[in-house]
Structures are given as structure tokens and as C-alpha cells.
>>> print(open('data20.tsv').read())   # TSV, C-alpha atoms
chain	number	residue	atom	x	y	z
A	1	MET	CA	-11.33	-14.75	13.99
A	2	LYS	CA	-7.70	-15.86	13.99
A	3	VAL	CA	-5.66	-13.67	11.64
A	4	LEU	CA	-1.94	-13.83	10.87
A	5	VAL	CA	-0.36	-10.64	9.52
A	6	THR	CA	3.04	-10.74	7.78
A	7	GLY	CA	5.19	-7.61	7.65
A	8	ALA	CA	3.63	-6.57	10.96
A	9	SER	CA	6.34	-4.02	11.79
A	10	GLY	CA	5.88	-2.24	8.45
A	11	GLN	CA	3.84	0.82	7.62
A	12	LEU	CA	0.67	-1.02	6.61
A	13	GLY	CA	1.27	-4.05	8.82
A	14	MET	CA	1.26	-2.03	12.04
A	15	ASP	CA	-2.06	-0.38	11.23
A	16	MET	CA	-3.45	-3.69	10.00
A	17	VAL	CA	-2.68	-5.32	13.35
A	18	ALA	CA	-4.13	-2.35	15.27
A	19	VAL	CA	-7.38	-2.31	13.27
A	20	LEU	CA	-7.84	-6.08	13.66
A	21	HIS	CA	-7.18	-5.91	17.42
A	22	ARG	CA	-9.70	-3.09	17.73
A	23	LYS	CA	-12.30	-5.24	15.97
A	24	GLY	CA	-11.76	-8.08	18.44
A	25	HIS	CA	-9.83	-10.55	16.27
A	26	ASP	CA	-7.17	-12.93	17.58
A	27	VAL	CA	-4.14	-11.49	15.78
A	28	MET	CA	-0.64	-12.85	15.32
A	29	GLY	CA	1.54	-10.09	13.88
A	30	CYS	CA	4.82	-11.42	12.49
A	31	ASN	CA	7.83	-9.27	11.65
A	32	ARG	CA	10.91	-10.45	9.75
A	33	GLN	CA	12.51	-11.89	12.90
A	34	GLN	CA	9.42	-13.87	13.87
A	35	LEU	CA	8.66	-15.18	10.38
A	36	ASP	CA	11.09	-15.37	7.49
A	37	ILE	CA	8.69	-15.64	4.57
A	38	THR	CA	11.53	-16.81	2.29
A	39	ASN	CA	11.83	-20.00	4.38
A	40	LEU	CA	9.07	-22.42	3.31
A	41	GLU	CA	9.52	-24.78	6.26
A	42	GLN	CA	9.28	-21.93	8.77
A	43	CYS	CA	6.17	-20.56	7.04
A	44	GLN	CA	4.53	-23.98	7.22
A	45	GLN	CA	5.47	-24.40	10.87
A	46	VAL	CA	4.32	-20.96	12.08
A	47	VAL	CA	1.08	-21.04	10.08
A	48	GLY	CA	0.45	-24.68	11.00
A	49	GLU	CA	0.81	-24.01	14.73
A	50	PHE	CA	-1.32	-20.84	14.80
A	51	ALA	CA	-3.87	-22.19	12.26
A	52	PRO	CA	-5.30	-18.82	11.21
A	53	ALA	CA	-8.56	-18.45	9.31
A	54	VAL	CA	-7.01	-15.56	7.35
A	55	ILE	CA	-3.49	-14.50	6.41
A	56	VAL	CA	-2.98	-10.84	5.51
A	57	HIS	CA	0.27	-10.86	3.57
A	58	CYS	CA	1.74	-7.34	3.90
A	59	ALA	CA	5.44	-8.31	3.89
A	60	ALA	CA	7.17	-7.19	0.71
A	61	TYR	CA	10.37	-5.93	-0.88
A	62	THR	CA	9.34	-2.34	-1.61
A	63	ALA	CA	12.64	-0.60	-2.41
A	64	VAL	CA	11.66	0.26	-5.99
A	65	ASP	CA	15.04	1.61	-7.12
A	66	ALA	CA	17.19	-0.93	-5.26
A	67	ALA	CA	15.21	-3.75	-6.90
A	68	GLU	CA	16.62	-2.80	-10.31
A	69	THR	CA	20.03	-4.16	-9.29
A	70	ASP	CA	18.92	-6.56	-6.52
A	71	VAL	CA	16.76	-8.66	-8.84
A	72	ASP	CA	17.16	-11.93	-6.92
A	73	GLY	CA	16.39	-10.20	-3.63
A	74	ALA	CA	13.17	-8.67	-4.95
A	75	TYR	CA	11.94	-11.95	-6.41
A	76	LEU	CA	12.99	-13.93	-3.34
A	77	VAL	CA	10.70	-11.85	-1.12
A	78	ASN	CA	7.88	-10.86	-3.47
A	79	ALA	CA	7.59	-14.08	-5.50
A	80	THR	CA	9.10	-16.95	-3.50
A	81	GLY	CA	7.97	-15.48	-0.16
A	82	SER	CA	4.43	-15.07	-1.46
A	83	ARG	CA	4.44	-18.63	-2.80
A	84	ASN	CA	5.48	-19.86	0.64
A	85	MET	CA	2.65	-18.00	2.35
A	86	ALA	CA	0.12	-19.25	-0.21
A	87	VAL	CA	1.25	-22.85	0.25
A	88	ALA	CA	1.13	-22.53	4.05
A	89	ALA	CA	-2.32	-20.90	3.91
A	90	GLU	CA	-3.70	-23.61	1.66
A	91	ALA	CA	-2.42	-26.34	3.99
A	92	VAL	CA	-4.56	-25.05	6.87
A	93	GLY	CA	-7.50	-23.93	4.72
A	94	ALA	CA	-6.88	-20.23	5.36
A	95	LYS	CA	-7.92	-17.35	3.15
A	96	ILE	CA	-4.98	-15.25	1.96
A	97	ILE	CA	-4.98	-11.54	1.21
A	98	TYR	CA	-1.97	-10.52	-0.90
A	99	VAL	CA	-1.26	-6.78	-0.85
A	100	SER	CA	-0.05	-5.74	-4.28
A	101	THR	CA	0.65	-2.53	-6.18
A	102	ASP	CA	-0.24	-0.19	-9.03
A	103	TYR	CA	3.25	-0.96	-10.42
A	104	VAL	CA	1.90	-4.15	-12.04
A	105	PHE	CA	0.59	-1.90	-14.86
A	106	ASP	CA	2.70	-0.04	-17.42
A	107	GLY	CA	1.51	3.35	-16.12
A	108	GLN	CA	1.18	4.77	-19.63
A	109	GLY	CA	-2.61	4.54	-20.04
A	110	GLU	CA	-4.83	7.61	-20.23
A	111	SER	CA	-7.68	6.27	-18.10
A	112	PRO	CA	-7.81	4.51	-14.70
A	113	TYR	CA	-6.81	0.83	-14.67
A	114	TYR	CA	-9.49	-1.80	-14.07
A	115	GLU	CA	-8.83	-4.92	-11.98
A	116	TYR	CA	-8.82	-7.24	-14.98
A	117	ASP	CA	-6.90	-5.05	-17.41
A	118	ASN	CA	-3.75	-6.63	-18.79
A	119	THR	CA	-0.76	-6.15	-16.54
A	120	ASP	CA	2.58	-4.98	-17.95
A	121	PRO	CA	5.02	-4.05	-15.18
A	122	GLN	CA	7.99	-1.99	-16.32
A	123	GLY	CA	10.46	-2.37	-13.44
A	124	ILE	CA	11.74	-5.25	-11.32
A	125	TYR	CA	9.64	-4.25	-8.31
A	126	GLY	CA	6.41	-4.38	-10.35
A	127	LYS	CA	7.45	-7.59	-12.11
A	128	SER	CA	8.27	-9.33	-8.83
A	129	LYS	CA	4.98	-8.22	-7.26
A	130	ARG	CA	3.09	-9.47	-10.32
A	131	ALA	CA	4.92	-12.81	-9.93
A	132	GLY	CA	3.64	-12.90	-6.34
A	133	GLU	CA	0.11	-12.30	-7.59
A	134	GLN	CA	0.38	-15.14	-10.11
A	135	LEU	CA	1.74	-17.59	-7.55
A	136	THR	CA	-0.98	-16.66	-5.06
A	137	GLN	CA	-3.68	-17.12	-7.71
A	138	THR	CA	-2.22	-20.47	-8.77
A	139	LEU	CA	-1.62	-21.97	-5.33
A	140	SER	CA	-4.50	-20.66	-3.22
A	141	SER	CA	-8.16	-21.56	-3.61
A	142	ARG	CA	-9.26	-18.69	-1.33
A	143	TYR	CA	-7.38	-15.58	-2.37
A	144	PHE	CA	-7.89	-11.84	-2.46
A	145	ILE	CA	-5.39	-9.68	-4.33
A	146	VAL	CA	-5.55	-6.10	-3.11
A	147	ARG	CA	-3.65	-3.59	-5.24
A	148	THR	CA	-2.99	-0.23	-3.67
A	149	SER	CA	-0.95	2.91	-4.37
A	150	TRP	CA	0.92	5.86	-2.83
A	151	VAL	CA	0.63	4.46	0.69
A	152	TYR	CA	1.34	6.57	3.78
A	153	GLY	CA	0.61	6.29	7.50
A	154	LEU	CA	1.87	7.06	10.98
A	155	HIS	CA	4.53	4.34	11.00
A	156	GLY	CA	7.68	4.40	8.90
A	157	ASN	CA	8.90	6.87	6.31
A	158	ASN	CA	6.62	8.13	3.57
A	159	PHE	CA	5.93	11.02	1.22
A	160	VAL	CA	3.59	12.93	3.56
A	161	LYS	CA	6.03	12.91	6.48
A	162	THR	CA	8.88	13.93	4.18
A	163	MET	CA	6.91	16.85	2.74
A	164	LEU	CA	5.84	18.01	6.22
A	165	LYS	CA	9.48	18.08	7.26
A	166	LEU	CA	10.85	19.71	4.10
A	167	GLY	CA	7.98	22.20	3.95
A	168	GLN	CA	9.08	23.60	7.31
A	169	GLU	CA	12.82	23.54	6.52
A	170	LYS	CA	13.32	24.46	2.85
A	171	PRO	CA	12.71	27.81	1.14
A	172	GLU	CA	11.67	26.09	-2.10
A	173	LEU	CA	10.53	22.61	-3.14
A	174	LYS	CA	10.18	21.12	-6.60
A	175	VAL	CA	7.63	18.32	-6.86
A	176	VAL	CA	6.73	16.14	-9.86
A	177	HIS	CA	3.55	17.25	-11.64
A	178	ASP	CA	3.40	14.69	-14.48
A	179	GLN	CA	2.73	11.54	-12.43
A	180	LYS	CA	-0.89	10.99	-11.44
A	181	GLY	CA	-2.19	8.56	-8.83
A	182	THR	CA	-4.14	8.18	-5.61
A	183	PRO	CA	-2.70	8.63	-2.11
A	184	THR	CA	-3.82	5.88	0.28
A	185	TYR	CA	-3.99	6.22	4.06
A	186	THR	CA	-2.94	2.94	5.69
A	187	VAL	CA	-5.77	3.00	8.25
A	188	ASP	CA	-8.38	3.32	5.48
A	189	LEU	CA	-6.77	0.45	3.58
A	190	ALA	CA	-6.62	-1.71	6.74
A	191	GLU	CA	-10.30	-1.01	7.46
A	192	PHE	CA	-11.25	-2.18	3.97
A	193	VAL	CA	-9.13	-5.34	4.24
A	194	SER	CA	-10.72	-6.12	7.61
A	195	GLU	CA	-14.15	-6.05	5.94
A	196	LEU	CA	-13.05	-7.97	2.86
A	197	MET	CA	-11.57	-10.87	4.83
A	198	LEU	CA	-14.94	-11.68	6.45
A	199	THR	CA	-16.42	-12.53	3.03
A	200	GLU	CA	-15.91	-15.14	0.36
A	201	LYS	CA	-15.92	-12.51	-2.39
A	202	TYR	CA	-12.55	-13.66	-3.70
A	203	GLY	CA	-10.65	-12.05	-6.57
A	204	ILE	CA	-8.71	-8.92	-7.46
A	205	TYR	CA	-9.49	-5.56	-5.84
A	206	HIS	CA	-8.14	-2.07	-6.40
A	207	ALA	CA	-8.16	-0.40	-3.01
A	208	SER	CA	-6.89	3.14	-2.65
A	209	ASN	CA	-8.59	6.23	-1.36
A	210	SER	CA	-10.95	7.73	-3.96
A	211	GLY	CA	-10.05	10.46	-6.44
A	212	ALA	CA	-6.71	11.30	-8.04
A	213	CYS	CA	-3.97	13.93	-8.05
A	214	THR	CA	-0.36	14.50	-9.07
A	215	TRP	CA	2.45	14.48	-6.52
A	216	TYR	CA	2.55	18.28	-6.83
A	217	GLU	CA	-1.19	18.57	-6.15
A	218	PHE	CA	-0.84	16.14	-3.25
A	219	THR	CA	1.89	18.32	-1.75
A	220	GLN	CA	-0.26	21.43	-2.17
A	221	GLU	CA	-3.01	19.73	-0.18
A	222	ILE	CA	-0.55	18.48	2.47
A	223	PHE	CA	0.73	22.02	3.01
A	224	SER	CA	-2.76	23.53	3.05
A	225	GLN	CA	-4.11	21.02	5.56
A	226	ALA	CA	-0.94	21.07	7.69
A	227	LYS	CA	-1.41	24.79	8.27
A	228	GLN	CA	-4.96	24.18	9.48
A	229	VAL	CA	-4.77	20.85	11.31
A	230	LEU	CA	-1.21	21.04	12.68
A	231	GLU	CA	-0.89	24.83	12.70
A	232	ALA	CA	2.43	24.12	11.00
A	233	SER	CA	4.66	26.90	9.75
A	234	ILE	CA	5.11	25.93	6.10
A	235	THR	CA	7.87	28.11	4.67
A	236	ALA	CA	8.62	26.36	1.38
A	237	SER	CA	7.34	27.72	-1.89
A	238	LEU	CA	6.18	24.98	-4.22
A	239	GLU	CA	7.27	24.56	-7.84
A	240	PRO	CA	6.01	21.91	-10.28
A	241	CYS	CA	8.58	19.89	-12.23
A	242	THR	CA	8.72	16.84	-14.49
A	243	THR	CA	9.77	13.23	-13.97
A	244	ALA	CA	12.75	13.93	-16.23
A	245	ASP	CA	14.00	16.49	-13.69
A	246	PHE	CA	14.43	13.69	-11.13
A	247	PRO	CA	15.95	10.68	-12.96
A	248	ARG	CA	15.70	7.44	-10.94
A	249	PRO	CA	16.93	3.88	-11.61
A	250	ALA	CA	13.40	2.45	-11.80
A	251	PRO	CA	10.70	3.77	-14.16
A	252	ARG	CA	7.79	5.58	-12.49
A	253	PRO	CA	4.23	5.20	-13.80
A	254	ALA	CA	2.86	8.41	-15.32
A	255	ASN	CA	-0.65	7.19	-14.52
A	256	SER	CA	-1.29	4.85	-11.59
A	257	VAL	CA	-4.94	5.75	-10.98
A	258	MET	CA	-6.98	2.59	-10.40
A	259	GLU	CA	-10.69	2.03	-10.96
A	260	HIS	CA	-12.53	0.51	-7.96
A	261	MET	CA	-14.89	-1.70	-9.96
A	262	SER	CA	-14.55	-4.79	-7.72
A	263	ILE	CA	-15.36	-2.76	-4.61
A	264	ARG	CA	-18.55	-1.49	-6.26
A	265	THR	CA	-19.68	-4.72	-7.94
A	266	ASN	CA	-19.17	-6.75	-4.75
A	267	GLY	CA	-21.32	-4.40	-2.69
A	268	PHE	CA	-18.63	-2.77	-0.56
A	269	GLN	CA	-18.66	0.91	0.31
A	270	ASP	CA	-15.94	2.74	-1.58
A	271	ILE	CA	-13.00	4.12	0.37
A	272	ARG	CA	-13.30	7.82	1.18
A	273	ASP	CA	-11.72	10.63	-0.82
A	274	TRP	CA	-7.95	10.98	-0.49
A	275	ARG	CA	-8.31	14.48	0.97
A	276	GLU	CA	-10.45	13.13	3.82
A	277	GLY	CA	-7.91	10.38	4.40
A	278	LEU	CA	-5.15	12.98	4.61
A	279	THR	CA	-7.12	14.98	7.19
A	280	ALA	CA	-7.58	11.86	9.32
A	281	PHE	CA	-3.86	11.09	9.07
A	282	LEU	CA	-2.83	14.61	10.10
A	283	GLN	CA	-5.15	14.44	13.09
A	284	GLU	CA	-3.58	11.10	14.10
A	285	TYR	CA	-0.12	12.57	13.48
A	286	LYS	CA	-0.93	15.59	15.68
A	287	VAL	CA	-1.94	13.36	18.59
A	288	ALA	CA	1.20	11.24	18.18
A	289	GLN	CA	3.43	14.34	18.15
A	290	SER	CA	1.81	15.72	21.31
A	291	ASP	CA	2.30	12.34	23.03
A	292	ILE	CA	6.01	12.50	22.22
A	293	LYS	CA	6.27	15.96	23.78
>>> encode(input="data20.tsv", output="C-alpha cells")
Amino acid sequence: MKVLVTGASGQLGMDMVAVLHRKGHDVMGCNRQQLDITNLEQCQQVVGEFAPAVIVHCAAYTAVDAAETDVDGAYLVNATGSRNMAVAAEAVGAKIIYVSTDYVFDGQGESPYYEYDNTDPQGIYGKSKRAGEQLTQTLSSRYFIVRTSWVYGLHGNNFVKTMLKLGQEKPELKVVHDQKGTPTYTVDLAEFVSELMLTEKYGIYHASNSGACTWYEFTQEIFSQAKQVLEASITASLEPCTTADFPRPAPRPANSVMEHMSIRTNGFQDIRDWREGLTAFLQEYKVAQSDIK
């Protein structure tokens, strides 16, 4: 199957391209230089020439704090860029998979968010991503919206890599214990998307690893597994703290746990527990580190 991936040099995009290649698809991975998603004519030209059956739209403005002051920039990429990809996809009859975020909810609920719960994004990043969802839903007749959370993988900077580094350098670390969510390993997410795209089970999906934890509990597990899998020397002692201890420009959701109802009701196998995903990542990370040496 011919698949075009936007944001192909990003954290998820790189694993998305790798998973699709491994499964034998004809993949065109486009980075920012190869495809400017904010340019409608270029989107139409590139998509028209390649004529993919599926577009996996990973490209996004993800700088949550910077978006609070760069409002136009966030909307240009996340809203206008997504509109452009939806229009280009529709012109060639392609399915489109729009990768979205837990930030489309207010993050104040007590229980996990369902796919069709009312959205109420609190910051510019979440609002611009929700705008991208709405435009995709309006302009595409074959869309999947895949909301995910707390993403990490081998490529790019992320929370797991940062904690591995700081855990071996710092004597003490304070990590937020009043924000709850689900870590998501990019390879697991890419595997799910690669299954989803083969179907016509269109709609909204919540796709993270299974289970939930706080950032503090996530860090505890990172340190515990790093000692076993990587034989890392973790020196930092871990202290829980609150969101108020780390004020940031953009509001952070206290609860970003998402219910996987669409995965279950559409007959897909749920994505494995976040702890298993972390183990798989650390094993991949270990191999990559040994290759560097």
C-alpha cells in the first residue's frame, strides 16, 4: 500500500516510517524540507504526484509553552496545515490519519476521557490541535483521528531520555506527582496505526499504552527498569512535587488518562501496558547505545 507520512523526521514519524517499511508498504516519508504542510499548493502537488492510499499526518507544532505566545504559528501548522493535508487527501481519495493529543480535553475530570466526550482544551496547543481535528472531520470523508499522550521513543528528545540522563547525573530529582496520564511508546503507537489504516473503521480513537501513572511514578519505573535492562548507575534520589512547584506558561492537564473504547468496540487488540512498552524501549535504546560505541 502506498502511504505518505508527514513529520517523518520527528519522534513518531521516524518510527512510523520504519514500521510501515518493515510491513512491506511503499512509503514516502516527508520532513519539513520535503513538504511544507502550510503551503496548500505544495501539499496538493506532492500528494497528487505520489497518489497515496493513506496519509499518516504526524507533522505538528508541539511546543506547548511556546504556543502560548506564538498563537499564529501554532494554528498555522496544526489547523491550516491539517486542513491542507485533508484537502489534498480528499482530492486523491486517500484515507487520512490525524495524530492528535490528550490536550484537547480540560484535564480536570476524575475519570478517563472517552473518545466522544466533550472537548475543552485549555491552552493554545490543545486548541490548535482540536481545530485540526475539526477541519479533518469536516473536509475528509475517510478520516481517523488518533489521540495519544506522553509520547517517547528512540528519536528526538523526550521525558524518558531526560530522566535517564538526569538520574545518572543529579543527586536529587523532583518530579510532579499530581498529573496523571499514560506514557506511550512510539513503536507501539505506530504498530496500532499500521493496523488501523488497513480498515475502514473510521472515527476517533484513543491510542496510548494501557494503564496510568503520574510523572513521578513513571520516573520510578524508568529508574527501576534502567538498573535492570541498561545496568545503569542511577544516583538520583527521587522526590514527589506538585505542578505548582514548576510553573509553566501553558496549563498542564491534571488528568490526561484516556479510555480506549474505540479500540475495543472496533475489534482491535488493546495496546500493551505502559510498563511493557517502557521495557521494549529500553531494550531498543540499549542496542542503539552499543551501536554508537
>>> atom_distance(input="data20.tsv", atom1="atom CA of His21 of chain A", atom2="atom CA of Ser262 of chain A")
26.2 Å
>>> residues_around(input="data20.tsv", residues="Arg272 of chain A", least_positions_apart="5", cutoff="9 Å", atoms="all atoms listed in the file", output="ChimeraX atom specification")
/A:188,208-211,277
>>> closest_atom_pairs(input="data20.tsv", of="segment 93-164 of chain A", to="segment 217-234 of chain A", cutoff="9 Å", atoms="all atoms listed in the file", output="Markdown table")
| residue | atom | partner | partner_atom | distance |
| --- | --- | --- | --- | --- |
| A:Phe159 | CA | A:Thr219 | CA | 8.9 |
| A:Val160 | CA | A:Ile222 | CA | 7.0 |
| A:Met163 | CA | A:Thr219 | CA | 6.9 |
| A:Leu164 | CA | A:Phe223 | CA | 7.2 |
>>> closest_residue(input="data20.tsv", among="A:Ser128, A:Asp36, A:Gly107, A:Ser194", to="Val19 of chain A", atoms="all atoms listed in the file")
A:Ser194
>>> atom_distance(input="data20.tsv", atom1="atom CA of Tyr285 of chain A", atom2="atom CA of His155 of chain A")
9.8 Å
>>> residues_around(input="data20.tsv", residues="Asp102 of chain A", least_positions_apart="2", cutoff="10 Å", atoms="all atoms listed in the file", output="list in words")
Ser100, Val104, Phe105, Asp106, Gly107, Tyr113, Thr119, Pro121, Gly126, Lys129, Arg130, Val146, Arg147, Thr148, Ser149, Trp150, Gly181, Thr182, His206, Ala207, Ser208, Pro253, Asn255, Ser256, Val257 and Met258 of chain A
>>> closest_residue(input="data20.tsv", among="A:Asp291, A:Glu191, A:Glu172, A:Glu200", to="Pro240 of chain A", atoms="all atoms listed in the file")
A:Glu172
